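Structure, as structure tokens:
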Amino acid sequence: MAQKQTPSGPSQRQQRVAELVRHALAEVLQRGDLQDPVIASHVITIPEVRMSPDLKLATAYVMPLGGQDETPVIQALERNKRVLRQEVARRVNLKYAPELRFRRDETFDEAARIDALLRSDKVQRDLDHPEAGDEPESASDV
């Protein structure tokens, strides 16, 4: 049965499997099962995993705690992806173990960028002095 990805986003099954894969990866990394000095010396968070529509590719977005040594950590995960895939297959009951790919999680950078924009002088000036047409409607107008 083919999985359809709607324009609105991933299917419920993709989201459910992605969460299972995320938990499995986090468990393996937390337990310290990998014998890699780079991975062992970092606390790695996995805020999100995205699955392809056919569930054969899992993209894990990772971030070392504190954002330190991102590139070496991602390279270490890539070096160990065969073992990680086996561990995911053991923990998640799927017809096929998904191929794993690791990417840097950029949500923290995006949140910081938005925060900086909201704190900018121009936005603060607009918030302090709204134009006449921008006044919110009162409850009696609704």
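We name chains A, B, ... following the order of the structure tokens; residues begin at 1 in each chain, and ligands are numbered from 1 as shown.
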Next on the checklist: Taking only segment 2-140 of chain A into account, list the residues labelled strand (DSSP E or B) by DSSP (computed from the backbone), as number ranges by chain.
Outcome noted: A: 6, 9, 44-51, 57-64, 99-104
Serialized selection, N, CA, C and O atoms, as a compact mmCIF listing (two decimals), in the first residue's frame:
```
# COMPACT_ATOMS: atom_id res chain seq x y z
N THR A 6 0.50 14.44 1.49
CA THR A 6 -0.37 15.51 1.07
C THR A 6 0.40 16.82 1.09
O THR A 6 1.43 16.93 1.75
N GLY A 9 1.49 18.19 4.47
CA GLY A 9 2.56 17.63 5.28
C GLY A 9 2.55 16.12 5.28
O GLY A 9 1.83 15.48 4.53
N ILE A 44 23.86 14.24 22.71
CA ILE A 44 23.28 14.58 21.41
C ILE A 44 21.76 14.54 21.52
O ILE A 44 21.20 13.54 21.98
N THR A 45 21.11 15.62 21.12
CA THR A 45 19.66 15.65 21.11
C THR A 45 19.16 15.43 19.69
O THR A 45 19.81 15.84 18.72
N ILE A 46 18.02 14.77 19.60
CA ILE A 46 17.38 14.53 18.30
C ILE A 46 15.97 15.10 18.39
O ILE A 46 15.02 14.40 18.76
N PRO A 47 15.81 16.37 18.08
CA PRO A 47 14.48 16.98 18.21
C PRO A 47 13.47 16.49 17.19
O PRO A 47 12.27 16.53 17.45
N GLU A 48 13.95 16.02 16.03
CA GLU A 48 13.00 15.64 14.99
C GLU A 48 13.60 14.59 14.06
O GLU A 48 14.79 14.61 13.77
N VAL A 49 12.73 13.69 13.60
CA VAL A 49 13.06 12.75 12.53
C VAL A 49 11.95 12.88 11.50
O VAL A 49 10.77 12.94 11.86
N ARG A 50 12.31 12.93 10.24
CA ARG A 50 11.31 12.98 9.16
C ARG A 50 11.48 11.73 8.31
O ARG A 50 12.59 11.37 7.94
N MET A 51 10.37 11.11 7.99
CA MET A 51 10.35 9.90 7.17
C MET A 51 9.94 10.23 5.75
O MET A 51 9.09 11.09 5.52
N LEU A 57 13.47 5.96 4.20
CA LEU A 57 14.53 6.91 4.50
C LEU A 57 14.11 7.75 5.70
O LEU A 57 13.03 8.35 5.71
N ALA A 58 14.96 7.77 6.71
CA ALA A 58 14.71 8.59 7.90
C ALA A 58 15.79 9.66 7.97
O ALA A 58 16.98 9.34 7.98
N THR A 59 15.38 10.91 8.03
CA THR A 59 16.32 12.01 8.19
C THR A 59 16.22 12.49 9.63
O THR A 59 15.18 12.99 10.04
N ALA A 60 17.30 12.31 10.38
CA ALA A 60 17.33 12.70 11.78
C ALA A 60 18.03 14.05 11.90
O ALA A 60 19.14 14.22 11.42
N TYR A 61 17.36 15.00 12.53
CA TYR A 61 17.94 16.31 12.78
C TYR A 61 18.54 16.28 14.17
O TYR A 61 17.84 16.00 15.14
N VAL A 62 19.83 16.53 14.25
CA VAL A 62 20.56 16.35 15.51
C VAL A 62 21.28 17.63 15.91
O VAL A 62 21.60 18.47 15.07
N MET A 63 21.51 17.73 17.23
CA MET A 63 22.24 18.87 17.76
C MET A 63 22.97 18.43 19.02
O MET A 63 22.34 17.93 19.95
N PRO A 64 24.31 18.59 19.03
CA PRO A 64 25.02 18.31 20.28
C PRO A 64 24.64 19.37 21.32
O PRO A 64 24.40 20.53 20.97
N GLU A 99 16.82 3.60 5.88
CA GLU A 99 18.16 4.15 5.71
C GLU A 99 18.21 5.43 6.55
O GLU A 99 17.26 6.20 6.58
N LEU A 100 19.31 5.64 7.25
CA LEU A 100 19.43 6.81 8.12
C LEU A 100 20.30 7.87 7.49
O LEU A 100 21.29 7.58 6.84
N ARG A 101 19.90 9.10 7.72
CA ARG A 101 20.69 10.24 7.27
C ARG A 101 20.62 11.28 8.39
O ARG A 101 19.58 11.43 9.04
N PHE A 102 21.71 11.95 8.62
CA PHE A 102 21.79 12.89 9.74
C PHE A 102 22.04 14.30 9.22
O PHE A 102 22.89 14.51 8.36
N ARG A 103 21.28 15.24 9.76
CA ARG A 103 21.39 16.64 9.37
C ARG A 103 21.45 17.49 10.64
O ARG A 103 20.92 17.11 11.68
N ARG A 104 22.03 18.65 10.51
CA ARG A 104 22.10 19.61 11.61
C ARG A 104 20.72 20.19 11.85
O ARG A 104 20.04 20.60 10.91
```
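One finds atom CA of Val83 of chain A at 15.0 Å from atom CA of Tyr96 of chain A.
The spacing separating atom CA of Ser52 of chain A from atom CA of Arg13 of chain A amounts to 10.7 Å.
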Item to check | Minimum-distance residue to Arg85 of chain A, chosen among A:Leu25, A:Ala18, A:Leu55, A:Ala112 (using only C-alpha atoms) | outcome: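 Going through A:Leu25, A:Ala18, A:Leu55, A:Ala112 one by one, the smallest distance to Arg85 of chain A is for A:Leu25.
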Checklist entry - When you draw a straight line from atom CA of Lys81 of chain A to atom CA of Val28 of chain A, how long is it in Å? => result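 Distance reported for this atom pair: 11.6 Å.
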Next on the checklist: I need the residue nearest Ala97 of chain A from this list: A:Val17, A:Glu70, A:Pro10, A:Ser41. Use only C-alpha atoms for the distance.
Outcome noted: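 Among the listed residues, the smallest separation from Ala97 of chain A belongs to A:Val17.
The residue that comes closest to Asp36 of chain A, out of A:Val92, A:Ala76, A:Leu84, A:Leu127 and on the basis of only C-alpha atoms, is A:Ala76.
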Checklist outcome for this item: Using only C-alpha atoms, the residue out of A:His42, A:Lys56, A:Arg31, A:Lys95 with shortest distance to Gln14 of chain A is A:Lys56
Next on the checklist: Please extract the residues of segment 1-140 of chain A with a backbone DSSP assignment of alpha helix (DSSP H) and present them as number ranges by chain.
Outcome noted: A: 12-31, 37-40, 70-79, 81-91, 107-118, 121-128
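Minimum distance to Val88 of chain A across A:Glu19, A:Gln12, A:Ala24, A:Ala111 (counting only C-alpha atoms) occurs at A:Ala24.
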Checklist entry - Which one of A:Lys122, A:Leu65, A:Ala40, A:His129 sits closest to Asp105 of chain A if you count only C-alpha atoms? => result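 With only C-alpha atoms as the atom set, the closest residue is A:Leu65.
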